[in-house]
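Q: mmCIF, C-alpha atoms, file structure-v4.cif:
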```
data_my_file
#
loop_
_atom_site.label_atom_id
_atom_site.label_comp_id
_atom_site.auth_asym_id
_atom_site.auth_seq_id
_atom_site.Cartn_x
_atom_site.Cartn_y
_atom_site.Cartn_z
CA ILE K 7 -138.81 131.44 -52.93
CA TYR K 8 -135.91 130.85 -55.27
CA SER K 9 -136.35 134.24 -56.96
CA ILE K 10 -136.44 136.04 -53.59
CA ARG K 11 -133.23 134.29 -52.50
CA PHE K 12 -131.61 135.18 -55.81
CA VAL K 13 -132.57 138.84 -55.48
CA LYS K 14 -131.26 138.87 -51.89
CA SER K 15 -127.95 137.32 -52.94
CA ILE K 16 -127.54 139.88 -55.72
CA PHE K 17 -128.38 142.71 -53.29
CA HIS K 18 -125.87 141.50 -50.69
CA TYR K 19 -123.20 141.03 -53.35
CA TYR K 20 -123.47 144.59 -54.66
CA LEU K 21 -123.78 145.98 -51.13
CA GLY K 22 -120.55 144.17 -50.27
CA GLN K 23 -118.86 145.56 -53.37
CA ALA K 24 -120.00 149.10 -52.53
CA THR K 25 -118.69 148.73 -48.97
CA LEU K 26 -115.37 147.39 -50.28
CA SER K 27 -115.09 150.31 -52.71
CA LEU K 28 -115.56 152.81 -49.89
CA ARG K 29 -112.91 151.07 -47.78
CA VAL K 30 -110.44 151.10 -50.67
CA LYS K 31 -111.16 154.77 -51.34
CA ARG K 32 -110.50 155.68 -47.70
CA LEU K 33 -107.24 153.73 -47.66
CA VAL K 34 -106.05 155.26 -50.95
CA GLU K 35 -106.77 158.80 -49.77
CA LEU K 36 -105.47 158.28 -46.24
CA SER K 37 -102.18 160.14 -46.74
CA LEU K 38 -103.13 162.41 -49.67
CA ASP K 39 -103.86 166.11 -49.55
CA ASN K 40 -107.04 167.63 -51.02
CA ALA K 41 -105.36 168.67 -54.28
CA LEU K 42 -104.28 165.11 -55.03
CA ARG K 43 -107.63 163.66 -54.02
CA LYS K 44 -109.39 165.82 -56.61
CA ASN K 45 -107.28 164.24 -59.36
CA ILE K 46 -108.28 160.64 -58.52
CA ARG K 47 -110.99 158.93 -60.55
CA TYR K 48 -112.64 155.72 -59.37
CA LEU K 49 -114.36 153.10 -61.50
CA ASN K 50 -117.79 152.33 -60.10
CA LEU K 51 -120.62 149.86 -60.49
CA PHE K 52 -122.09 151.81 -63.40
CA ASP K 53 -118.76 151.59 -65.28
CA TRP K 54 -118.67 147.85 -64.64
CA LEU K 55 -122.23 147.30 -65.89
CA MET K 56 -121.57 149.41 -68.99
CA ALA K 57 -118.59 147.18 -69.81
CA LYS K 58 -120.77 144.10 -69.97
CA ASP K 59 -120.81 142.51 -73.41
CA ARG K 60 -123.93 140.48 -74.19
CA THR K 61 -122.47 138.97 -77.35
CA PRO K 62 -122.49 135.15 -76.99
CA LEU K 63 -119.05 133.76 -76.15
CA ALA K 64 -117.80 130.25 -76.89
CA ILE K 65 -114.76 128.50 -75.47
CA GLY K 66 -113.65 127.30 -78.91
CA ASN K 67 -112.06 124.08 -80.10
CA PHE K 68 -108.91 123.04 -78.29
CA GLN K 69 -107.23 119.66 -78.09
CA ASP K 70 -106.71 119.72 -74.33
CA GLU K 71 -106.03 121.98 -71.36
CA LEU K 72 -102.46 122.79 -72.41
CA ASP K 73 -103.64 123.77 -75.88
CA PHE K 74 -106.22 126.12 -74.33
CA ILE K 75 -103.68 127.60 -71.89
CA ASN K 76 -101.10 128.25 -74.58
CA HIS K 77 -103.36 129.48 -77.36
CA TYR K 78 -106.59 131.04 -76.05
CA GLU K 79 -106.68 134.74 -76.93
CA LEU K 80 -109.01 137.60 -76.15
CA ASP K 81 -108.83 140.26 -78.87
CA GLY K 82 -105.32 139.11 -79.75
CA ILE K 83 -104.10 138.98 -76.14
CA SER K 84 -103.15 135.61 -74.67
CA ILE K 85 -105.07 134.93 -71.45
CA GLY K 86 -105.37 131.13 -71.27
CA ASP K 87 -102.91 130.91 -68.38
CA LEU K 88 -104.75 133.64 -66.46
CA VAL K 89 -108.03 131.77 -66.86
CA CYS K 90 -106.46 128.49 -65.73
CA ASP K 91 -104.93 129.97 -62.57
CA THR K 92 -108.17 131.80 -61.73
CA TYR K 93 -110.12 128.56 -62.18
CA LEU K 94 -107.81 126.65 -59.83
CA ARG K 95 -107.99 129.20 -57.04
CA PHE K 96 -111.56 130.45 -57.25
CA LYS K 97 -113.62 127.46 -58.35
CA PRO K 98 -111.66 126.08 -56.39
CA SER K 99 -110.25 122.93 -57.98
CA PRO K 100 -106.79 121.36 -58.06
CA VAL K 101 -107.21 120.39 -61.71
CA PHE K 102 -108.15 122.63 -64.63
CA ASP K 103 -110.98 121.69 -67.01
CA PHE K 104 -111.29 124.05 -69.96
CA THR K 105 -114.69 122.54 -70.95
CA ASP K 106 -116.27 123.38 -67.58
CA SER K 107 -119.01 126.01 -67.50
CA PHE K 108 -116.95 127.80 -64.82
CA THR K 109 -114.27 128.37 -67.46
CA LEU K 110 -116.84 129.95 -69.76
CA GLY K 111 -117.91 132.20 -66.88
CA LEU K 112 -114.30 133.29 -66.41
CA LEU K 113 -113.98 134.07 -70.12
CA ILE K 114 -117.08 136.26 -69.94
CA LEU K 115 -115.63 137.95 -66.85
CA ALA K 116 -112.28 138.47 -68.60
CA LYS K 117 -114.01 140.06 -71.58
CA GLN K 118 -115.90 142.45 -69.29
CA TYR K 119 -112.67 143.36 -67.49
CA ALA K 120 -111.00 143.95 -70.84
CA ARG K 121 -113.80 146.27 -72.00
CA LEU K 122 -113.64 148.15 -68.69
CA ILE K 123 -109.88 148.67 -68.90
CA ASP K 124 -110.11 149.55 -72.59
CA SER K 125 -112.71 152.23 -71.78
CA VAL K 126 -110.22 153.84 -69.39
CA PHE K 127 -107.55 153.95 -72.11
CA LYS K 128 -110.06 155.56 -74.49
CA LYS K 129 -111.17 158.17 -71.98
CA TYR K 130 -107.81 159.08 -70.42
CA GLN K 131 -104.20 159.38 -71.49
CA VAL K 132 -102.78 156.52 -69.44
CA GLY K 133 -99.07 156.81 -68.72
CA LEU K 134 -98.54 153.91 -66.35
CA VAL K 135 -100.51 151.00 -64.87
CA PHE K 136 -99.95 149.90 -61.27
CA GLY K 137 -101.09 146.55 -59.91
CA SER K 138 -100.30 143.96 -57.29
CA TYR K 139 -100.23 140.59 -59.03
CA THR K 140 -99.95 139.83 -62.73
CA THR K 141 -101.54 136.39 -62.39
CA TYR K 142 -105.30 135.66 -62.44
CA VAL K 143 -107.91 137.34 -64.61
CA TYR K 144 -108.57 140.02 -61.98
CA HIS K 145 -105.02 141.38 -62.24
CA GLY K 146 -103.40 140.02 -65.38
CA VAL K 147 -105.88 141.32 -67.97
CA ALA K 148 -105.15 144.97 -67.11
CA HIS K 149 -101.38 144.40 -67.26
CA ARG K 150 -101.56 142.67 -70.63
CA ILE K 151 -103.87 145.22 -72.21
CA ALA K 152 -101.54 148.01 -71.06
CA ILE K 153 -98.46 146.30 -72.48
CA SER K 154 -100.29 145.70 -75.79
CA LYS K 155 -100.93 149.45 -75.96
CA GLY K 156 -97.29 150.30 -75.27
CA VAL K 157 -97.89 151.37 -71.66
CA ASN K 158 -95.52 150.11 -68.99
CA THR K 159 -96.94 148.40 -65.90
CA ILE K 160 -95.65 148.01 -62.36
CA ALA K 161 -96.36 144.94 -60.23
CA PHE K 162 -95.85 144.81 -56.46
CA GLY K 163 -96.55 141.11 -55.86
CA GLY K 164 -92.99 139.77 -55.82
CA GLY K 165 -91.23 138.57 -52.71
CA ASN K 166 -87.70 139.54 -53.75
CA SER K 167 -88.13 143.17 -54.77
CA PHE K 168 -90.40 146.11 -54.00
CA ALA K 169 -91.73 146.26 -57.55
CA ARG K 170 -91.16 145.07 -61.09
CA VAL K 171 -91.52 147.26 -64.18
CA ASN K 172 -92.98 145.43 -67.20
CA LYS K 173 -92.32 146.92 -70.63
CA LEU K 174 -93.47 146.52 -74.23
CA GLY K 175 -92.66 143.09 -75.65
CA GLU K 176 -92.47 141.41 -72.25
CA VAL K 177 -94.87 138.98 -70.62
CA PRO K 178 -96.00 140.94 -67.54
CA LEU K 179 -94.66 139.24 -64.40
CA GLN K 180 -94.66 140.18 -60.71
CA VAL K 181 -91.44 138.40 -59.80
CA ALA K 182 -87.92 139.83 -59.96
CA PRO K 183 -86.57 139.98 -63.58
CA TYR K 184 -84.93 136.54 -63.43
CA GLU K 185 -84.94 136.19 -67.21
CA THR K 186 -82.20 138.86 -67.34
CA TYR K 187 -79.89 137.06 -64.91
CA CYS K 188 -76.70 135.43 -66.21
CA PHE K 189 -73.87 133.33 -64.79
CA ASN K 190 -70.19 134.05 -65.36
CA GLY K 191 -68.77 132.57 -62.19
CA LEU K 192 -68.31 134.62 -59.02
CA HIS K 193 -65.81 137.05 -60.52
CA GLY K 194 -66.75 140.67 -60.00
CA TYR K 195 -69.02 140.11 -57.00
CA ASP K 196 -68.27 141.96 -53.80
CA ALA K 197 -66.92 139.64 -51.08
CA ASP K 198 -69.66 140.77 -48.70
CA LEU K 199 -72.36 139.75 -51.21
CA ILE K 200 -70.74 136.35 -51.71
CA ASN K 201 -70.64 135.85 -47.94
CA LEU K 202 -74.27 136.89 -47.53
CA ALA K 203 -75.44 134.49 -50.27
CA THR K 204 -73.23 131.65 -49.01
CA ASN K 205 -74.49 132.07 -45.46
CA SER K 206 -78.09 132.23 -46.65
CA LEU K 207 -77.77 128.99 -48.64
CA GLY K 208 -75.89 127.33 -45.79
CA ASN K 209 -78.66 128.25 -43.37
CA ARG K 210 -81.39 127.16 -45.76
CA ILE K 211 -79.94 123.69 -46.36
CA ALA K 212 -79.84 123.42 -42.57
CA SER K 213 -83.60 124.32 -42.59
CA SER K 214 -83.02 127.74 -41.04
CA TYR K 215 -84.96 130.12 -43.28
CA ASP K 216 -84.40 133.83 -43.79
CA THR K 217 -86.18 136.53 -45.81
CA THR K 218 -84.76 135.19 -49.11
CA VAL K 219 -87.73 132.78 -48.85
CA SER K 220 -90.25 135.14 -47.25
CA TYR K 221 -93.18 132.72 -47.56
CA MET K 222 -91.52 130.32 -45.09
CA ASP K 223 -92.32 130.87 -41.42
CA PRO K 224 -89.00 130.73 -39.53
CA GLU K 225 -90.91 129.90 -36.34
CA ARG K 226 -92.66 126.89 -37.84
CA GLU K 227 -91.90 123.68 -35.96
CA LEU K 228 -90.09 121.19 -38.19
CA GLN K 229 -89.17 117.55 -37.71
CA GLU K 230 -85.67 116.05 -37.89
CA ASP K 231 -85.67 112.48 -39.18
CA LYS K 232 -82.81 111.09 -41.28
CA ASP K 233 -84.42 108.23 -43.21
CA GLU K 234 -81.73 106.12 -44.89
CA SER K 235 -84.28 104.75 -47.35
CA LEU K 236 -84.13 108.16 -49.08
CA ARG K 237 -80.49 107.61 -49.99
CA GLY K 238 -80.13 107.30 -53.76
CA SER K 239 -83.88 107.80 -54.25
CA ILE K 240 -86.09 110.30 -56.11
CA VAL K 241 -87.74 112.92 -53.89
CA ILE K 242 -90.56 115.06 -55.28
CA PHE K 243 -91.36 118.39 -53.64
CA LEU K 244 -95.01 119.33 -54.12
CA HIS K 245 -96.43 122.82 -54.57
CA ASP K 246 -99.68 124.15 -53.14
CA PHE K 247 -102.27 122.80 -55.59
CA PHE K 248 -104.24 126.05 -55.56
CA ASP K 249 -101.27 128.35 -56.07
CA SER K 250 -100.60 129.84 -59.48
CA PRO K 251 -98.73 127.34 -61.69
CA HIS K 252 -98.25 130.06 -64.32
CA GLY K 253 -96.45 132.59 -62.13
CA TYR K 254 -93.50 132.15 -64.49
CA ARG K 255 -93.43 131.96 -68.29
CA TRP K 256 -94.27 128.31 -68.95
CA ILE K 257 -94.87 124.89 -67.43
CA LEU K 258 -94.97 121.43 -69.05
CA PHE K 259 -98.31 120.55 -67.43
CA PRO K 260 -101.57 122.48 -67.15
CA ASP K 261 -101.55 122.42 -63.34
CA PHE K 262 -99.71 120.96 -60.35
CA TYR K 263 -102.28 118.17 -59.91
CA THR K 264 -101.86 116.88 -63.47
CA TRP K 265 -98.08 117.11 -63.01
CA ILE K 266 -98.02 114.90 -59.91
CA ILE K 267 -100.69 112.47 -61.18
CA ASP K 268 -98.83 111.92 -64.46
CA THR K 269 -95.54 111.63 -62.55
CA ILE K 270 -96.91 109.07 -60.10
CA ASP K 271 -98.60 107.00 -62.82
CA PHE K 272 -95.38 106.96 -64.85
CA CYS K 273 -93.31 105.87 -61.85
CA ILE K 274 -95.76 103.09 -61.01
CA ALA K 275 -95.75 101.86 -64.62
CA GLN K 276 -91.94 101.87 -64.67
CA ASN K 277 -91.63 100.50 -61.11
CA ILE K 278 -89.70 103.59 -59.96
CA ILE K 279 -89.71 104.18 -56.21
CA ILE K 280 -90.36 107.80 -55.27
CA PHE K 281 -90.80 109.82 -52.08
CA ILE K 282 -93.23 112.75 -52.07
CA LYS K 283 -93.01 115.72 -49.70
CA PRO K 284 -96.05 118.04 -49.51
CA HIS K 285 -95.44 121.77 -49.34
CA PRO K 286 -94.89 122.89 -45.72
CA ASN K 287 -96.94 126.09 -46.17
CA GLN K 288 -99.79 124.66 -48.22
CA SER K 289 -103.41 125.72 -47.72
CA LYS K 290 -106.05 123.57 -46.04
CA ASP K 291 -107.60 122.81 -49.43
CA SER K 292 -104.22 121.60 -50.66
CA GLU K 293 -103.87 119.40 -47.58
CA HIS K 294 -107.17 117.74 -48.51
CA VAL K 295 -105.87 117.05 -52.02
CA VAL K 296 -102.73 115.42 -50.58
CA PHE K 297 -104.93 113.26 -48.34
CA SER K 298 -106.99 112.12 -51.35
CA LEU K 299 -103.80 111.34 -53.30
CA ARG K 300 -102.49 109.24 -50.43
CA GLU K 301 -105.75 107.30 -50.44
CA LYS K 302 -105.73 106.94 -54.23
CA TYR K 303 -102.24 105.40 -54.29
CA GLU K 304 -102.34 103.66 -50.93
CA ALA K 305 -101.84 100.19 -52.46
CA SER K 306 -98.79 101.17 -54.51
CA GLN K 307 -95.42 99.98 -53.20
CA CYS K 308 -93.60 102.59 -55.30
CA ILE K 309 -95.15 105.65 -53.69
CA ASN K 310 -93.91 106.84 -50.30
CA TRP K 311 -95.11 109.95 -48.49
CA LEU K 312 -93.01 112.21 -46.31
CA ASP K 313 -94.31 114.48 -43.58
CA SER K 314 -94.66 118.08 -44.79
CA ARG K 315 -92.93 119.18 -41.57
CA LEU K 316 -89.82 117.13 -42.33
CA ARG K 317 -86.76 119.34 -42.46
CA ASN K 318 -85.19 119.58 -45.91
CA SER K 319 -81.85 119.21 -44.14
CA SER K 320 -82.87 115.64 -43.23
CA ILE K 321 -83.37 114.91 -46.92
CA TYR K 322 -80.15 116.56 -48.08
CA ALA K 323 -78.16 114.70 -45.40
CA VAL K 324 -78.93 111.25 -46.88
CA ASN K 325 -78.03 112.30 -50.44
CA PRO K 326 -81.01 111.37 -52.66
CA ALA K 327 -80.28 110.69 -56.34
CA LEU K 328 -82.66 113.37 -57.61
CA ILE K 329 -84.94 116.13 -56.35
CA VAL K 330 -87.93 117.03 -58.51
CA THR K 331 -89.96 120.26 -58.54
CA VAL K 332 -91.75 122.47 -61.07
CA TYR K 333 -90.17 125.78 -60.05
CA GLY K 334 -89.57 125.52 -56.30
CA SER K 335 -86.98 127.45 -54.29
CA VAL K 336 -85.62 124.04 -53.29
CA ALA K 337 -83.65 124.04 -56.57
CA PRO K 338 -80.75 126.36 -55.58
CA GLU K 339 -80.69 124.80 -52.09
CA ALA K 340 -80.35 121.26 -53.45
CA CYS K 341 -77.75 122.41 -55.96
CA TYR K 342 -75.69 123.98 -53.18
CA ALA K 343 -76.04 120.72 -51.23
CA GLY K 344 -74.66 118.80 -54.24
CA ILE K 345 -77.91 117.05 -55.20
CA PRO K 346 -79.15 116.91 -58.83
CA VAL K 347 -82.44 118.72 -59.53
CA LEU K 348 -85.09 118.17 -62.22
CA LEU K 349 -87.50 121.03 -62.99
CA ALA K 350 -90.74 120.77 -64.98
CA GLY K 351 -91.18 124.40 -66.00
CA ASP K 352 -89.71 127.86 -66.18
CA HIS K 353 -88.13 129.01 -62.91
CA PRO K 354 -86.04 131.89 -61.49
CA CYS K 355 -82.67 130.11 -61.87
CA ILE K 356 -83.26 128.89 -65.44
CA ASN K 357 -80.20 130.80 -66.74
CA PHE K 358 -77.88 129.05 -64.27
CA PRO K 359 -76.37 125.53 -64.28
CA ILE K 360 -78.34 124.68 -61.15
CA GLY K 361 -80.56 121.87 -62.37
CA LYS K 362 -81.92 120.20 -65.48
CA THR K 363 -84.90 122.08 -66.88
CA ALA K 364 -86.95 119.61 -68.91
CA ARG K 365 -88.03 121.24 -72.19
CA SER K 366 -90.70 118.65 -73.03
CA ARG K 367 -92.72 115.98 -71.27
CA ASP K 368 -90.63 113.30 -72.98
CA ASP K 369 -87.48 115.00 -71.68
CA TYR K 370 -88.98 115.12 -68.19
CA PHE K 371 -90.04 111.46 -68.07
CA SER K 372 -86.75 110.34 -69.58
CA ALA K 373 -84.93 112.04 -66.70
CA LEU K 374 -87.20 110.31 -64.19
CA LEU K 375 -86.43 106.98 -65.83
CA ASN K 376 -82.68 107.71 -65.72
CA PRO K 377 -82.08 109.91 -62.65
CA LEU K 378 -78.32 109.33 -62.76
CA SER K 379 -78.27 111.08 -66.16
CA VAL K 380 -79.09 114.37 -64.42
CA PRO K 381 -75.80 115.98 -63.35
CA SER K 382 -75.31 117.88 -60.11
CA GLY K 383 -75.42 121.64 -60.51
CA ASP K 384 -72.63 124.10 -59.83
CA PRO K 385 -72.64 125.36 -56.20
CA GLU K 386 -71.09 128.63 -57.41
CA ALA K 387 -74.10 129.05 -59.69
CA ALA K 388 -76.39 128.68 -56.66
CA ILE K 389 -74.41 131.42 -54.91
CA ALA K 390 -74.47 133.72 -57.97
CA PHE K 391 -78.20 133.19 -58.42
CA THR K 392 -78.87 133.91 -54.75
CA ILE K 393 -76.90 137.16 -55.05
CA GLN K 394 -78.72 138.34 -58.18
CA HIS K 395 -82.17 137.24 -57.01
CA ASN K 396 -81.76 138.88 -53.60
CA MET K 397 -79.60 141.88 -54.51
CA ASN K 398 -82.29 144.30 -53.28
CA LEU K 399 -82.52 142.47 -49.99
CA PHE K 400 -78.76 142.24 -49.44
CA GLN K 401 -78.19 145.89 -50.31
CA LYS K 402 -81.38 147.00 -48.53
CA GLU K 403 -82.49 149.03 -51.54
CA GLY K 404 -85.70 148.23 -53.43
CA GLN K 405 -86.41 145.22 -51.23
CA SER K 406 -89.92 143.87 -50.78
CA LEU K 407 -92.03 144.90 -47.82
CA PHE K 408 -91.78 141.35 -46.43
CA SER K 409 -87.99 141.49 -46.55
CA TYR K 410 -87.93 144.96 -45.00
CA LEU K 411 -90.12 143.83 -42.11
CA GLY K 412 -88.31 140.51 -41.80
CA CYS K 413 -91.54 138.56 -41.48
CA SER K 414 -93.40 135.86 -43.39
CA PHE K 415 -96.69 136.20 -45.30
CA ASP K 416 -98.50 134.30 -42.55
CA LYS K 417 -97.23 136.60 -39.81
CA LEU K 418 -98.20 139.71 -41.75
CA TYR K 419 -101.69 138.39 -42.49
CA ALA K 420 -102.14 137.44 -38.83
CA ASN K 421 -101.01 140.91 -37.70
CA PRO K 422 -102.45 143.43 -40.22
CA GLU K 423 -101.84 146.30 -37.79
CA ILE K 424 -98.17 146.10 -38.81
CA LEU K 425 -99.13 147.65 -42.16
CA GLN K 426 -100.62 150.70 -40.45
CA SER K 427 -97.40 151.67 -38.69
CA GLN K 428 -95.51 154.87 -39.43
CA ARG K 429 -92.45 152.78 -40.27
CA VAL K 430 -94.25 150.96 -43.08
CA SER K 431 -95.77 154.19 -44.40
CA LYS K 432 -92.34 155.86 -44.63
CA PHE K 433 -90.82 152.79 -46.31
CA ILE K 434 -93.54 152.57 -48.97
CA LYS K 435 -93.46 156.32 -49.69
CA TYR K 436 -89.65 156.25 -50.05
CA GLU K 437 -89.68 153.26 -52.40
CA VAL K 438 -92.53 154.59 -54.54
CA ILE K 439 -90.83 157.99 -55.00
CA LYS K 440 -87.59 156.24 -55.94
CA LEU K 441 -89.46 153.96 -58.33
CA ILE K 442 -91.22 156.85 -60.11
CA ASP K 443 -87.94 158.75 -60.40
CA SER K 444 -86.25 155.73 -62.00
CA ILE K 445 -89.06 155.40 -64.56
CA GLU K 446 -88.99 159.10 -65.44
CA ASP K 447 -85.22 158.95 -65.93
#
```
Any chance you could give the structure as structure tokens?
A:
Amino acid sequence: IYSIRFVKSIFHYYLGQATLSLRVKRLVELSLDNALRKNIRYLNLFDWLMAKDRTPLAIGNFQDELDFINHYELDGISIGDLVCDTYLRFKPSPVFDFTDSFTLGLLILAKQYARLIDSVFKKYQVGLVFGSYTTYVYHGVAHRIAISKGVNTIAFGGGNSFARVNKLGEVPLQVAPYETYCFNGLHGYDADLINLATNSLGNRIASSYDTTVSYMDPERELQEDKDESLRGSIVIFLHDFFDSPHGYRWILFPDFYTWIIDTIDFCIAQNIIIFIKPHPNQSKDSEHVVFSLREKYEASQCINWLDSRLRNSSIYAVNPALIVTVYGSVAPEACYAGIPVLLAGDHPCINFPIGKTARSRDDYFSALLNPLSVPSGDPEAAIAFTIQHNMNLFQKEGQSLFSYLGCSFDKLYANPEILQSQRVSKFIKYEVIKLIDSIED
């Protein structure tokens, strides 16, 4: 019975993959003429099976999860972070365990992907690699192999720009090129840009969200509740536990769960009172993790939980001593509101005096122990960052599809017919042509 079930599951899996391949092929060729269609080559099931490597693979000896994330390599290419993020989302689990058999399965999968992509480079003269995300094994391996071979890649997964070009020597990312931003005051910026950024930040600290934070649903019902007990306190803004913690270049903890567990345990040991706000757009799985955390620390007098629907404006209004996040968009908002921010990893505004970016775990915990040692950021820096990070949106050139449509992720996923409109087709074609021209120049 077991063998019949196994055979059936394998059959249904490959049937599903074949159906998906046909759907993708139809979508790709939807607006192409016959001449272009003849020049397209598709990887198929046979290619995938031929890429399988039956050589035994071992995880290796690593001290802990961070050591694995920072140092695991596949044929000289670092992929530990890709494996971690894939584990979190697809196992799924809020906490990464590099010794788990699921991790070994992901390493085998990554090796097969690498062999498949490498076979394409050997067979064809590849000039450019396109992809959506750069996180996760399914996307990131192709980007990193291409970069290692001196081939540029383009990622379309960012919310602040239509695409990002990744070049030799760079860690492939899907977000806007924040590492190139710099702050020299507001001199040289057009007055209209300054007004747009100032208005955006002003609206955001009043909990009125625009397309500069496209993942937030502007129609979501929020609660107004000014709790005076937050005044002078530490407020921690959680992330979705199953989101990618390695969407940027580095983080002090292996995952968001370890970050908050270590933070809570430290605060309890040091008798530090903290307030924790779950992410307003978190997944159902993440909600379950928050529920289990609330149960785990129910007896602690130091740990207080805020409703995820609580308006950020209610928090800013009572002037907490410190806001803590890993890389959240709350950082420039809080800075503009005059509240100190502590960050536990790389983030888009790292080149601006917006908050304190802890460079080690000791640095991070020291700041928690002495929140008054963290200075308030420069509101002008928040404005300058908002201009640079949303330049495409403000100038309506090279903006992301979400910004162009003026809708959130949730709304787009709930209404997929929007993507089939003539308006969207024209926008994508225009941006792609412009993108290719800029690369060729």
Q: List, as a JSON list (two decimals) with C-alpha atoms, keeping the file's coordinate frame, every residue that the PyMOL selection byres ((chain K and resi 205) around 12) selects in the file provided.
A:
```
[["chain", "number", "residue", "atom", "x", "y", "z"],
["K", 198, "ASP", "CA", -69.66, 140.77, -48.70],
["K", 199, "LEU", "CA", -72.36, 139.75, -51.21],
["K", 200, "ILE", "CA", -70.74, 136.35, -51.71],
["K", 201, "ASN", "CA", -70.64, 135.85, -47.94],
["K", 202, "LEU", "CA", -74.27, 136.89, -47.53],
["K", 203, "ALA", "CA", -75.44, 134.49, -50.27],
["K", 204, "THR", "CA", -73.23, 131.65, -49.01],
["K", 206, "SER", "CA", -78.09, 132.23, -46.65],
["K", 207, "LEU", "CA", -77.77, 128.99, -48.64],
["K", 208, "GLY", "CA", -75.89, 127.33, -45.79],
["K", 209, "ASN", "CA", -78.66, 128.25, -43.37],
["K", 210, "ARG", "CA", -81.39, 127.16, -45.76],
["K", 211, "ILE", "CA", -79.94, 123.69, -46.36],
["K", 212, "ALA", "CA", -79.84, 123.42, -42.57],
["K", 214, "SER", "CA", -83.02, 127.74, -41.04],
["K", 215, "TYR", "CA", -84.96, 130.12, -43.28],
["K", 216, "ASP", "CA", -84.40, 133.83, -43.79],
["K", 218, "THR", "CA", -84.76, 135.19, -49.11],
["K", 339, "GLU", "CA", -80.69, 124.80, -52.09],
["K", 342, "TYR", "CA", -75.69, 123.98, -53.18],
["K", 388, "ALA", "CA", -76.39, 128.68, -56.66],
["K", 389, "ILE", "CA", -74.41, 131.42, -54.91],
["K", 392, "THR", "CA", -78.87, 133.91, -54.75],
["K", 393, "ILE", "CA", -76.90, 137.16, -55.05],
["K", 400, "PHE", "CA", -78.76, 142.24, -49.44]]
```
Q: Need to verify the contact set: Ala116 of chain K, 7 Å, only C-alpha atoms, exclusion of same-chain residues closer than 4 positions in sequence. Can you return it as an MDAnalysis selection string?
A: chainID K and resid 112 120 143
Q: Go ahead and save the picked residues with C-alpha atoms, as an mmCIF file, keeping the file's coordinate frame.
A:
```cif
data_model
loop_
_atom_site.group_PDB
_atom_site.id
_atom_site.type_symbol
_atom_site.label_atom_id
_atom_site.label_comp_id
_atom_site.auth_asym_id
_atom_site.auth_seq_id
_atom_site.Cartn_x
_atom_site.Cartn_y
_atom_site.Cartn_z
ATOM 1 C CA LEU K 112 -114.300 133.290 -66.410
ATOM 2 C CA ALA K 120 -111.000 143.950 -70.840
ATOM 3 C CA VAL K 143 -107.910 137.340 -64.610
#
```
Q: In Å to one decimal, how far is atom CA of Gln276 of chain K from atom CA of Asp233 of chain K?
A: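 So the answer is 23.6 Å.
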Q: Output, as AutoDock Vina command-line options, the centre and edge lengths in Å (one decimal) of the axis-aligned box that contains all listed atoms of segment 410-427 of chain K with 3 Å of margin on each side.
A:
```
--center_x -95.2 --center_y 143.0 --center_z -41.5 --size_x 20.5 --size_y 23.4 --size_z 13.6
```
Q: Please evaluate the PyMOL selection byres ((chain K and resi 100) around 12) against the structure above and give the resulting residues as JSON, numbers by chain.
A: {"K": [90, 91, 92, 93, 94, 95, 96, 97, 98, 99, 101, 102, 103, 245, 246, 247, 248, 249, 250, 251, 260, 261, 262, 263, 264, 265, 266, 267, 289, 291, 292, 293, 294, 295, 296, 298, 299]}
Q: Any chance you could export the current selection's C-alpha atoms as a short mmCIF file (atom, residue, chain, number, x, y, z; two decimals), in the coordinates of the input?
A:
```
data_model
loop_
_atom_site.label_atom_id
_atom_site.label_comp_id
_atom_site.auth_asym_id
_atom_site.auth_seq_id
_atom_site.Cartn_x
_atom_site.Cartn_y
_atom_site.Cartn_z
CA CYS K 90 -106.46 128.49 -65.73
CA ASP K 91 -104.93 129.97 -62.57
CA THR K 92 -108.17 131.80 -61.73
CA TYR K 93 -110.12 128.56 -62.18
CA LEU K 94 -107.81 126.65 -59.83
CA ARG K 95 -107.99 129.20 -57.04
CA PHE K 96 -111.56 130.45 -57.25
CA LYS K 97 -113.62 127.46 -58.35
CA PRO K 98 -111.66 126.08 -56.39
CA SER K 99 -110.25 122.93 -57.98
CA VAL K 101 -107.21 120.39 -61.71
CA PHE K 102 -108.15 122.63 -64.63
CA ASP K 103 -110.98 121.69 -67.01
CA HIS K 245 -96.43 122.82 -54.57
CA ASP K 246 -99.68 124.15 -53.14
CA PHE K 247 -102.27 122.80 -55.59
CA PHE K 248 -104.24 126.05 -55.56
CA ASP K 249 -101.27 128.35 -56.07
CA SER K 250 -100.60 129.84 -59.48
CA PRO K 251 -98.73 127.34 -61.69
CA PRO K 260 -101.57 122.48 -67.15
CA ASP K 261 -101.55 122.42 -63.34
CA PHE K 262 -99.71 120.96 -60.35
CA TYR K 263 -102.28 118.17 -59.91
CA THR K 264 -101.86 116.88 -63.47
CA TRP K 265 -98.08 117.11 -63.01
CA ILE K 266 -98.02 114.90 -59.91
CA ILE K 267 -100.69 112.47 -61.18
CA SER K 289 -103.41 125.72 -47.72
CA ASP K 291 -107.60 122.81 -49.43
CA SER K 292 -104.22 121.60 -50.66
CA GLU K 293 -103.87 119.40 -47.58
CA HIS K 294 -107.17 117.74 -48.51
CA VAL K 295 -105.87 117.05 -52.02
CA VAL K 296 -102.73 115.42 -50.58
CA SER K 298 -106.99 112.12 -51.35
CA LEU K 299 -103.80 111.34 -53.30
#
```
